[in-house]
Amino acid sequence: MPTYHERMAEQKRTAIVEAATGLFLESGYDKTSLARIADAAGVSKATLFKQFPTKAELFDAIVTDYWRTEDGALTPPPGDPLQGLTALGTRYVALLTRPGMVALFRIVIAEAPRFPELGQTQFKLGKQPFFDAVRDYLAAEHEAGTLTVADPVLAATQFLGMISNFAFWPRMLLVNWAPTEKAMAHSVDEAVQTVLARHAVTAATGAARA
């Protein structure tokens with residue numbers, strides 16, 4: 001169990017991250033100073049600098065926090081593509097619909113022309129690890145003989161794209177876009193069924209592997 005000091009440190013860290021996200025969106029990454037973030041978070045400058053010595057490190061923490069999965073596990077074991085893909089798709093929806101995720105993307109898009117490193121951070125620390133997990137999972141199913149996936153990178157791109165095009169990207173333009181949980185689950189189911197149909201093991205491919 002965390003100690004009192006550990007709990008306080010975590011609460012302050014959360015307050016800093018939330019304050020920084022709001023200020024970056026409101027005023028831009030460039031015009032938001034660490035001192036201003038400390039004031040908004042209700043912490044001392046010393047406390048903020050102790051946890052985040054630079055603004056870049058603070059942004060790294062924001063991206064990492066937003067893309068962290070709840071269970072800490074990314075890749076299901078191969079053997080049951082229906083179950084595995086459904087788990088990954090559901091996890092992806094949970095990430096994309098996490099409060100603040102749209103704001104994070106808007107910050108990156110707005111500031112990328114002047115601070116391309118923000119886009120790199122969002123990709124490398126955020127989306128890339130999850131994409132890699134899906135790619136590796138599809139490759140593992142191919143190796144297990146349960147799917148035929150000649151190009152796991154393309155298959156992962158298509159699978160995640162089908163989900164994000166419904167669950168996330170409309171939110172960037174449509175303020176009131178809020179599909180129900182049932183609709184989100186249906187979009188995942190359809191994406192899974194599409195992948196299963198496209199990469200099913202046929203008699204010919206099964207014989208070739210044998």
# chains A, B, ... in the order shown; residues from 1 in each chain; ligands from 1
call {"tool": "closest_atom_pairs", "arguments": {"of": "range 97-178 of chain A", "to": "range 186-194 of chain A", "cutoff": "8 Å", "atoms": "only C-alpha atoms", "output": "JSON lines"}}
result
{"residue": "A:Phe159", "atom": "CA", "partner": "A:Ala191", "partner_atom": "CA", "distance": 6.0}
{"residue": "A:Met162", "atom": "CA", "partner": "A:Ala191", "partner_atom": "CA", "distance": 6.0}
{"residue": "A:Ile163", "atom": "CA", "partner": "A:Val188", "partner_atom": "CA", "distance": 6.1}
{"residue": "A:Phe166", "atom": "CA", "partner": "A:Ser187", "partner_atom": "CA", "distance": 7.2}
{"residue": "A:Ala167", "atom": "CA", "partner": "A:Ser187", "partner_atom": "CA", "distance": 8.0}
call {"tool": "residues_around", "arguments": {"residues": "range 124-140 of chain A", "least_positions_apart": "6", "cutoff": "6 Å", "atoms": "only C-alpha atoms", "output": "number ranges by chain"}}
result
A: 63-64, 67, 75, 78, 152-153, 156
call {"tool": "atom_distance", "arguments": {"atom1": "CA of Leu23 in chain A", "atom2": "CA of Arg114 in chain A"}}
result
17.3 Å
call {"tool": "residues_around", "arguments": {"residues": "Ala112 in chain A", "least_positions_apart": "4", "cutoff": "12 Å", "atoms": "only C-alpha atoms", "output": "PyMOL selection string"}}
result
chain A and resi 28-30+104-108+116-123
call {"tool": "write_last_selection", "arguments": {"atoms": "N, CA, C and O atoms", "output": "CSV table (one decimal), in the first residue's frame"}}
result
chain,number,residue,atom,x,y,z
A,28,GLY,N,-1.5,26.9,-26.0
A,28,GLY,CA,-0.5,26.4,-26.9
A,28,GLY,C,0.7,25.9,-26.0
A,28,GLY,O,1.0,26.4,-24.9
A,29,TYR,N,1.4,25.0,-26.6
A,29,TYR,CA,2.6,24.4,-25.9
A,29,TYR,C,3.7,25.5,-25.7
A,29,TYR,O,4.3,25.6,-24.6
A,30,ASP,N,4.0,26.3,-26.7
A,30,ASP,CA,5.0,27.3,-26.7
A,30,ASP,C,4.8,28.3,-25.6
A,30,ASP,O,5.7,28.8,-24.9
A,104,LEU,N,-5.5,15.9,-26.4
A,104,LEU,CA,-4.1,15.6,-26.6
A,104,LEU,C,-3.8,15.7,-28.1
A,104,LEU,O,-2.8,16.2,-28.5
A,105,PHE,N,-4.6,15.1,-28.9
A,105,PHE,CA,-4.4,15.1,-30.3
A,105,PHE,C,-4.5,16.5,-30.9
A,105,PHE,O,-3.7,16.9,-31.8
A,106,ARG,N,-5.4,17.3,-30.4
A,106,ARG,CA,-5.5,18.7,-30.8
A,106,ARG,C,-4.3,19.5,-30.5
A,106,ARG,O,-3.8,20.3,-31.3
A,107,ILE,N,-3.7,19.2,-29.3
A,107,ILE,CA,-2.5,19.9,-29.0
A,107,ILE,C,-1.4,19.6,-30.0
A,107,ILE,O,-0.7,20.5,-30.5
A,108,VAL,N,-1.2,18.3,-30.2
A,108,VAL,CA,-0.2,17.9,-31.2
A,108,VAL,C,-0.4,18.4,-32.6
A,108,VAL,O,0.6,18.9,-33.2
A,116,PRO,N,7.8,19.7,-34.1
A,116,PRO,CA,7.5,18.4,-34.6
A,116,PRO,C,7.8,17.3,-33.6
A,116,PRO,O,7.3,16.2,-33.8
A,117,GLU,N,8.6,17.6,-32.6
A,117,GLU,CA,9.0,16.5,-31.6
A,117,GLU,C,7.7,16.1,-30.8
A,117,GLU,O,7.7,15.0,-30.3
A,118,LEU,N,6.7,17.0,-30.8
A,118,LEU,CA,5.5,16.6,-30.1
A,118,LEU,C,4.8,15.5,-30.8
A,118,LEU,O,4.3,14.5,-30.2
A,119,GLY,N,4.7,15.6,-32.1
A,119,GLY,CA,4.2,14.5,-32.9
A,119,GLY,C,4.9,13.2,-32.8
A,119,GLY,O,4.4,12.1,-32.7
A,120,GLN,N,6.2,13.3,-32.8
A,120,GLN,CA,7.1,12.2,-32.6
A,120,GLN,C,6.9,11.5,-31.3
A,120,GLN,O,6.8,10.3,-31.2
A,121,THR,N,6.7,12.3,-30.2
A,121,THR,CA,6.4,11.8,-28.9
A,121,THR,C,5.1,11.1,-28.9
A,121,THR,O,5.0,10.0,-28.3
A,122,GLN,N,4.1,11.7,-29.4
A,122,GLN,CA,2.7,11.1,-29.5
A,122,GLN,C,2.8,9.8,-30.2
A,122,GLN,O,2.1,8.8,-29.8
A,123,PHE,N,3.6,9.7,-31.2
A,123,PHE,CA,3.6,8.5,-32.0
A,123,PHE,C,4.4,7.4,-31.3
A,123,PHE,O,4.0,6.2,-31.1
call {"tool": "select_by_dssp", "arguments": {"residues": "range 29-190 of chain A", "states": "alpha helix (DSSP H)", "output": "count of residues only"}}
result
103
call {"tool": "atom_distance", "arguments": {"atom1": "CA of Ser33 in chain A", "atom2": "CA of Ala103 in chain A"}}
result
18.4 Å
call {"tool": "closest_residue", "arguments": {"among": "A:Ile37, A:Ala9, A:Val93, A:Leu147", "to": "Lys55 in chain A", "atoms": "only C-alpha atoms"}}
result
A:Ile37
call {"tool": "closest_residue", "arguments": {"among": "A:Ile16, A:Ala41, A:Leu196, A:Ala185", "to": "Gly84 in chain A", "atoms": "only C-alpha atoms"}}
result
A:Leu196
call {"tool": "residues_around", "arguments": {"residues": "range 170-172 of chain A", "least_positions_apart": "5", "cutoff": "8 Å", "atoms": "only C-alpha atoms", "output": "JSON, numbers by chain"}}
result
{"A": [102, 106, 165, 177, 178]}
call {"tool": "write_last_selection", "arguments": {"atoms": "N, CA and C atoms", "output": "PDB file, in the first residue's frame"}}
result
ATOM      1  N   VAL A 102      -8.858  13.418 -27.047  1.00  0.00           N
ATOM      2  CA  VAL A 102      -9.079  14.348 -28.160  1.00  0.00           C
ATOM      3  C   VAL A 102      -8.274  15.618 -27.953  1.00  0.00           C
ATOM      4  N   ARG A 106      -5.386  17.292 -30.367  1.00  0.00           N
ATOM      5  CA  ARG A 106      -5.512  18.666 -30.846  1.00  0.00           C
ATOM      6  C   ARG A 106      -4.275  19.491 -30.517  1.00  0.00           C
ATOM      7  N   ASN A 165     -11.792   5.114 -37.119  1.00  0.00           N
ATOM      8  CA  ASN A 165     -12.597   5.944 -38.009  1.00  0.00           C
ATOM      9  C   ASN A 165     -14.026   6.106 -37.513  1.00  0.00           C
ATOM     10  N   TRP A 177     -20.291  14.257 -31.051  1.00  0.00           N
ATOM     11  CA  TRP A 177     -20.173  12.868 -31.489  1.00  0.00           C
ATOM     12  C   TRP A 177     -19.961  11.976 -30.268  1.00  0.00           C
ATOM     13  N   ALA A 178     -20.958  11.181 -29.939  1.00  0.00           N
ATOM     14  CA  ALA A 178     -20.871  10.340 -28.741  1.00  0.00           C
ATOM     15  C   ALA A 178     -21.659   9.053 -28.956  1.00  0.00           C
TER      16      ALA A 178
END
call {"tool": "closest_residue", "arguments": {"among": "A:Ala197, A:Thr90, A:Ser44, A:Val149", "to": "Glu181 in chain A", "atoms": "only C-alpha atoms"}}
result
A:Thr90
call {"tool": "closest_residue", "arguments": {"among": "A:Ala150, A:Ala94, A:Ala56, A:Leu88", "to": "Val201 in chain A", "atoms": "only C-alpha atoms"}}
result
A:Ala150
call {"tool": "closest_residue", "arguments": {"among": "A:Ala110, A:Pro2, A:Glu141, A:Phe168", "to": "Tyr92 in chain A", "atoms": "only C-alpha atoms"}}
result
A:Phe168
call {"tool": "residues_around", "arguments": {"residues": "Val17 in chain A", "least_positions_apart": "2", "cutoff": "9 Å", "atoms": "only C-alpha atoms", "output": "PyMOL selection string"}}
result
chain A and resi 12-15+19-22+37+41+58-59+61-62+65
call {"tool": "write_last_selection", "arguments": {"atoms": "all heavy atoms", "output": "short mmCIF file (atom, residue, chain, number, x, y, z; two decimals), in the first residue's frame"}}
result
data_model
loop_
_atom_site.label_atom_id
_atom_site.label_comp_id
_atom_site.auth_asym_id
_atom_site.auth_seq_id
_atom_site.Cartn_x
_atom_site.Cartn_y
_atom_site.Cartn_z
N LYS A 12 -0.23 15.15 -6.61
CA LYS A 12 0.37 16.35 -7.19
C LYS A 12 0.75 16.12 -8.65
O LYS A 12 0.58 17.00 -9.49
CB LYS A 12 1.59 16.77 -6.37
CG LYS A 12 1.23 17.31 -4.99
CD LYS A 12 2.47 17.67 -4.18
CE LYS A 12 2.09 18.22 -2.81
NZ LYS A 12 3.28 18.55 -1.98
N ARG A 13 1.27 14.93 -8.92
CA ARG A 13 1.62 14.62 -10.30
C ARG A 13 0.39 14.65 -11.19
O ARG A 13 0.42 15.20 -12.30
CB ARG A 13 2.26 13.23 -10.37
CG ARG A 13 2.76 12.84 -11.75
CD ARG A 13 3.28 11.41 -11.75
NE ARG A 13 3.88 11.05 -13.02
CZ ARG A 13 3.20 10.71 -14.11
NH1 ARG A 13 1.86 10.69 -14.06
NH2 ARG A 13 3.82 10.41 -15.25
N THR A 14 -0.71 14.08 -10.73
CA THR A 14 -1.95 14.09 -11.49
C THR A 14 -2.43 15.51 -11.73
O THR A 14 -2.87 15.87 -12.83
CB THR A 14 -3.04 13.29 -10.75
OG1 THR A 14 -2.60 11.93 -10.60
CG2 THR A 14 -4.35 13.31 -11.52
N ALA A 15 -2.36 16.34 -10.69
CA ALA A 15 -2.79 17.73 -10.82
C ALA A 15 -1.92 18.47 -11.84
O ALA A 15 -2.43 19.28 -12.63
CB ALA A 15 -2.70 18.43 -9.47
N ALA A 19 -3.37 20.02 -15.31
CA ALA A 19 -3.21 21.45 -15.53
C ALA A 19 -2.45 21.72 -16.81
O ALA A 19 -2.81 22.61 -17.60
CB ALA A 19 -2.50 22.09 -14.34
N ALA A 20 -1.40 20.96 -17.05
CA ALA A 20 -0.60 21.15 -18.26
C ALA A 20 -1.41 20.86 -19.51
O ALA A 20 -1.35 21.62 -20.49
CB ALA A 20 0.64 20.25 -18.22
N THR A 21 -2.18 19.79 -19.49
CA THR A 21 -3.00 19.45 -20.65
C THR A 21 -3.97 20.57 -20.98
O THR A 21 -4.12 20.97 -22.14
CB THR A 21 -3.78 18.14 -20.40
OG1 THR A 21 -2.85 17.09 -20.10
CG2 THR A 21 -4.59 17.75 -21.63
N GLY A 22 -4.64 21.10 -19.96
CA GLY A 22 -5.60 22.19 -20.17
C GLY A 22 -4.93 23.45 -20.69
O GLY A 22 -5.45 24.11 -21.61
N ILE A 37 2.05 26.44 -15.20
CA ILE A 37 1.45 25.13 -14.92
C ILE A 37 1.46 24.86 -13.42
O ILE A 37 0.48 24.35 -12.86
CB ILE A 37 2.23 24.03 -15.67
CG1 ILE A 37 2.03 24.18 -17.18
CG2 ILE A 37 1.77 22.64 -15.22
CD1 ILE A 37 2.93 23.29 -18.02
N ALA A 41 -1.82 24.10 -11.18
CA ALA A 41 -1.92 22.81 -10.48
C ALA A 41 -1.96 22.97 -8.97
O ALA A 41 -2.25 22.01 -8.25
CB ALA A 41 -0.75 21.92 -10.87
N LEU A 58 7.50 16.71 -19.31
CA LEU A 58 6.11 16.76 -18.87
C LEU A 58 5.19 16.28 -19.98
O LEU A 58 4.25 15.50 -19.74
CB LEU A 58 5.74 18.18 -18.44
CG LEU A 58 4.27 18.44 -18.07
CD1 LEU A 58 3.79 17.46 -17.02
CD2 LEU A 58 4.12 19.88 -17.57
N PHE A 59 5.45 16.70 -21.21
CA PHE A 59 4.62 16.25 -22.32
C PHE A 59 4.78 14.76 -22.54
O PHE A 59 3.79 14.06 -22.83
CB PHE A 59 4.97 17.01 -23.60
CG PHE A 59 4.01 16.75 -24.72
CD1 PHE A 59 2.77 17.36 -24.76
CD2 PHE A 59 4.34 15.86 -25.74
CE1 PHE A 59 1.86 17.10 -25.78
CE2 PHE A 59 3.44 15.60 -26.76
CZ PHE A 59 2.21 16.22 -26.79
N ALA A 61 5.29 12.59 -20.27
CA ALA A 61 4.49 11.95 -19.21
C ALA A 61 3.01 11.98 -19.55
O ALA A 61 2.28 11.01 -19.29
CB ALA A 61 4.74 12.64 -17.88
N ILE A 62 2.56 13.08 -20.12
CA ILE A 62 1.15 13.20 -20.50
C ILE A 62 0.80 12.12 -21.52
O ILE A 62 -0.20 11.40 -21.39
CB ILE A 62 0.85 14.60 -21.07
CG1 ILE A 62 0.94 15.65 -19.97
CG2 ILE A 62 -0.53 14.64 -21.72
CD1 ILE A 62 0.84 17.08 -20.47
N ASP A 65 0.84 8.60 -19.99
CA ASP A 65 -0.32 8.37 -19.13
C ASP A 65 -1.58 8.11 -19.95
O ASP A 65 -2.37 7.21 -19.63
CB ASP A 65 -0.55 9.58 -18.21
CG ASP A 65 0.42 9.62 -17.05
OD1 ASP A 65 1.22 8.67 -16.91
OD2 ASP A 65 0.39 10.59 -16.28
#
call {"tool": "decode", "arguments": {"residues": "range 181-197 of chain A", "atoms": "all heavy atoms", "output": "PDB file, in the first residue's frame"}}
result
ATOM      1  N   GLU A 181     -22.136   2.819 -26.046  1.00  0.00           N
ATOM      2  CA  GLU A 181     -21.219   1.702 -25.835  1.00  0.00           C
ATOM      3  C   GLU A 181     -21.581   0.533 -26.750  1.00  0.00           C
ATOM      4  O   GLU A 181     -20.695  -0.178 -27.234  1.00  0.00           O
ATOM      5  CB  GLU A 181     -21.268   1.264 -24.369  1.00  0.00           C
ATOM      6  CG  GLU A 181     -20.654   2.263 -23.398  1.00  0.00           C
ATOM      7  CD  GLU A 181     -20.584   1.719 -21.986  1.00  0.00           C
ATOM      8  OE1 GLU A 181     -20.834   0.498 -21.819  1.00  0.00           O
ATOM      9  OE2 GLU A 181     -20.273   2.485 -21.065  1.00  0.00           O
ATOM     10  N   LYS A 182     -22.865   0.345 -26.984  1.00  0.00           N
ATOM     11  CA  LYS A 182     -23.307  -0.731 -27.872  1.00  0.00           C
ATOM     12  C   LYS A 182     -22.807  -0.493 -29.287  1.00  0.00           C
ATOM     13  O   LYS A 182     -22.350  -1.421 -29.966  1.00  0.00           O
ATOM     14  CB  LYS A 182     -24.833  -0.828 -27.848  1.00  0.00           C
ATOM     15  CG  LYS A 182     -25.387  -1.964 -28.692  1.00  0.00           C
ATOM     16  CD  LYS A 182     -26.904  -2.050 -28.585  1.00  0.00           C
ATOM     17  CE  LYS A 182     -27.449  -3.194 -29.425  1.00  0.00           C
ATOM     18  NZ  LYS A 182     -28.934  -3.286 -29.331  1.00  0.00           N
ATOM     19  N   ALA A 183     -22.882   0.760 -29.730  1.00  0.00           N
ATOM     20  CA  ALA A 183     -22.412   1.079 -31.080  1.00  0.00           C
ATOM     21  C   ALA A 183     -20.900   0.900 -31.186  1.00  0.00           C
ATOM     22  O   ALA A 183     -20.380   0.425 -32.206  1.00  0.00           O
ATOM     23  CB  ALA A 183     -22.803   2.512 -31.436  1.00  0.00           C
ATOM     24  N   MET A 184     -20.184   1.271 -30.132  1.00  0.00           N
ATOM     25  CA  MET A 184     -18.729   1.091 -30.120  1.00  0.00           C
ATOM     26  C   MET A 184     -18.378  -0.393 -30.191  1.00  0.00           C
ATOM     27  O   MET A 184     -17.487  -0.807 -30.949  1.00  0.00           O
ATOM     28  CB  MET A 184     -18.138   1.691 -28.840  1.00  0.00           C
ATOM     29  CG  MET A 184     -18.235   3.196 -28.760  1.00  0.00           C
ATOM     30  SD  MET A 184     -17.115   4.019 -29.903  1.00  0.00           S
ATOM     31  CE  MET A 184     -17.143   5.667 -29.209  1.00  0.00           C
ATOM     32  N   ALA A 185     -19.072  -1.191 -29.395  1.00  0.00           N
ATOM     33  CA  ALA A 185     -18.816  -2.627 -29.389  1.00  0.00           C
ATOM     34  C   ALA A 185     -19.118  -3.237 -30.755  1.00  0.00           C
ATOM     35  O   ALA A 185     -18.398  -4.124 -31.229  1.00  0.00           O
ATOM     36  CB  ALA A 185     -19.654  -3.307 -28.307  1.00  0.00           C
ATOM     37  N   HIS A 186     -20.173  -2.740 -31.392  1.00  0.00           N
ATOM     38  CA  HIS A 186     -20.531  -3.245 -32.720  1.00  0.00           C
ATOM     39  C   HIS A 186     -19.435  -2.913 -33.731  1.00  0.00           C
ATOM     40  O   HIS A 186     -19.113  -3.745 -34.603  1.00  0.00           O
ATOM     41  CB  HIS A 186     -21.860  -2.643 -33.161  1.00  0.00           C
ATOM     42  CG  HIS A 186     -22.326  -3.128 -34.511  1.00  0.00           C
ATOM     43  ND1 HIS A 186     -22.665  -4.432 -34.736  1.00  0.00           N
ATOM     44  CD2 HIS A 186     -22.470  -2.472 -35.697  1.00  0.00           C
ATOM     45  CE1 HIS A 186     -23.030  -4.574 -36.008  1.00  0.00           C
ATOM     46  NE2 HIS A 186     -22.903  -3.412 -36.608  1.00  0.00           N
ATOM     47  N   SER A 187     -18.860  -1.717 -33.631  1.00  0.00           N
ATOM     48  CA  SER A 187     -17.792  -1.340 -34.563  1.00  0.00           C
ATOM     49  C   SER A 187     -16.577  -2.247 -34.383  1.00  0.00           C
ATOM     50  O   SER A 187     -15.910  -2.608 -35.360  1.00  0.00           O
ATOM     51  CB  SER A 187     -17.398   0.133 -34.361  1.00  0.00           C
ATOM     52  OG  SER A 187     -16.688   0.321 -33.149  1.00  0.00           O
ATOM     53  N   VAL A 188     -16.286  -2.621 -33.144  1.00  0.00           N
ATOM     54  CA  VAL A 188     -15.187  -3.556 -32.889  1.00  0.00           C
ATOM     55  C   VAL A 188     -15.513  -4.929 -33.470  1.00  0.00           C
ATOM     56  O   VAL A 188     -14.676  -5.555 -34.134  1.00  0.00           O
ATOM     57  CB  VAL A 188     -14.896  -3.676 -31.379  1.00  0.00           C
ATOM     58  CG1 VAL A 188     -13.896  -4.802 -31.107  1.00  0.00           C
ATOM     59  CG2 VAL A 188     -14.370  -2.360 -30.817  1.00  0.00           C
ATOM     60  N   ASP A 189     -16.743  -5.395 -33.237  1.00  0.00           N
ATOM     61  CA  ASP A 189     -17.151  -6.706 -33.748  1.00  0.00           C
ATOM     62  C   ASP A 189     -17.014  -6.770 -35.272  1.00  0.00           C
ATOM     63  O   ASP A 189     -16.523  -7.762 -35.824  1.00  0.00           O
ATOM     64  CB  ASP A 189     -18.599  -7.009 -33.351  1.00  0.00           C
ATOM     65  CG  ASP A 189     -18.753  -7.277 -31.873  1.00  0.00           C
ATOM     66  OD1 ASP A 189     -17.735  -7.564 -31.209  1.00  0.00           O
ATOM     67  OD2 ASP A 189     -19.888  -7.182 -31.368  1.00  0.00           O
ATOM     68  N   GLU A 190     -17.444  -5.695 -35.939  1.00  0.00           N
ATOM     69  CA  GLU A 190     -17.383  -5.671 -37.401  1.00  0.00           C
ATOM     70  C   GLU A 190     -15.932  -5.665 -37.881  1.00  0.00           C
ATOM     71  O   GLU A 190     -15.590  -6.331 -38.875  1.00  0.00           O
ATOM     72  CB  GLU A 190     -18.131  -4.446 -37.941  1.00  0.00           C
ATOM     73  CG  GLU A 190     -19.640  -4.538 -37.828  1.00  0.00           C
ATOM     74  CD  GLU A 190     -20.196  -5.684 -38.662  1.00  0.00           C
ATOM     75  OE1 GLU A 190     -19.856  -5.773 -39.868  1.00  0.00           O
ATOM     76  OE2 GLU A 190     -20.950  -6.505 -38.111  1.00  0.00           O
ATOM     77  N   ALA A 191     -15.077  -4.922 -37.192  1.00  0.00           N
ATOM     78  CA  ALA A 191     -13.658  -4.893 -37.560  1.00  0.00           C
ATOM     79  C   ALA A 191     -13.034  -6.280 -37.372  1.00  0.00           C
ATOM     80  O   ALA A 191     -12.253  -6.744 -38.215  1.00  0.00           O
ATOM     81  CB  ALA A 191     -12.919  -3.850 -36.725  1.00  0.00           C
ATOM     82  N   VAL A 192     -13.380  -6.932 -36.281  1.00  0.00           N
ATOM     83  CA  VAL A 192     -12.854  -8.271 -36.011  1.00  0.00           C
ATOM     84  C   VAL A 192     -13.319  -9.246 -37.084  1.00  0.00           C
ATOM     85  O   VAL A 192     -12.512 -10.017 -37.627  1.00  0.00           O
ATOM     86  CB  VAL A 192     -13.301  -8.754 -34.618  1.00  0.00           C
ATOM     87  CG1 VAL A 192     -12.970 -10.239 -34.437  1.00  0.00           C
ATOM     88  CG2 VAL A 192     -12.640  -7.928 -33.528  1.00  0.00           C
ATOM     89  N   GLN A 193     -14.605  -9.218 -37.396  1.00  0.00           N
ATOM     90  CA  GLN A 193     -15.139 -10.146 -38.398  1.00  0.00           C
ATOM     91  C   GLN A 193     -14.512  -9.906 -39.771  1.00  0.00           C
ATOM     92  O   GLN A 193     -14.280 -10.850 -40.539  1.00  0.00           O
ATOM     93  CB  GLN A 193     -16.666 -10.019 -38.480  1.00  0.00           C
ATOM     94  CG  GLN A 193     -17.399 -10.527 -37.245  1.00  0.00           C
ATOM     95  CD  GLN A 193     -17.126 -11.988 -36.949  1.00  0.00           C
ATOM     96  OE1 GLN A 193     -16.964 -12.796 -37.874  1.00  0.00           O
ATOM     97  NE2 GLN A 193     -17.065 -12.341 -35.677  1.00  0.00           N
ATOM     98  N   THR A 194     -14.237  -8.652 -40.080  1.00  0.00           N
ATOM     99  CA  THR A 194     -13.594  -8.329 -41.358  1.00  0.00           C
ATOM    100  C   THR A 194     -12.191  -8.924 -41.426  1.00  0.00           C
ATOM    101  O   THR A 194     -11.792  -9.504 -42.440  1.00  0.00           O
ATOM    102  CB  THR A 194     -13.524  -6.800 -41.556  1.00  0.00           C
ATOM    103  OG1 THR A 194     -14.848  -6.260 -41.558  1.00  0.00           O
ATOM    104  CG2 THR A 194     -12.839  -6.445 -42.869  1.00  0.00           C
ATOM    105  N   VAL A 195     -11.435  -8.790 -40.343  1.00  0.00           N
ATOM    106  CA  VAL A 195     -10.082  -9.355 -40.300  1.00  0.00           C
ATOM    107  C   VAL A 195     -10.140 -10.878 -40.380  1.00  0.00           C
ATOM    108  O   VAL A 195      -9.353 -11.508 -41.111  1.00  0.00           O
ATOM    109  CB  VAL A 195      -9.345  -8.908 -39.022  1.00  0.00           C
ATOM    110  CG1 VAL A 195      -8.015  -9.664 -38.879  1.00  0.00           C
ATOM    111  CG2 VAL A 195      -9.084  -7.413 -39.050  1.00  0.00           C
ATOM    112  N   LEU A 196     -11.043 -11.480 -39.646  1.00  0.00           N
ATOM    113  CA  LEU A 196     -11.155 -12.940 -39.661  1.00  0.00           C
ATOM    114  C   LEU A 196     -11.514 -13.448 -41.054  1.00  0.00           C
ATOM    115  O   LEU A 196     -10.980 -14.474 -41.510  1.00  0.00           O
ATOM    116  CB  LEU A 196     -12.204 -13.401 -38.652  1.00  0.00           C
ATOM    117  CG  LEU A 196     -11.889 -13.150 -37.170  1.00  0.00           C
ATOM    118  CD1 LEU A 196     -13.040 -13.649 -36.299  1.00  0.00           C
ATOM    119  CD2 LEU A 196     -10.580 -13.818 -36.764  1.00  0.00           C
ATOM    120  N   ALA A 197     -12.427 -12.735 -41.729  1.00  0.00           N
ATOM    121  CA  ALA A 197     -12.821 -13.158 -43.079  1.00  0.00           C
ATOM    122  C   ALA A 197     -11.679 -12.963 -44.073  1.00  0.00           C
ATOM    123  O   ALA A 197     -11.440 -13.831 -44.932  1.00  0.00           O
ATOM    124  CB  ALA A 197     -14.050 -12.359 -43.520  1.00  0.00           C
TER     125      ALA A 197
END
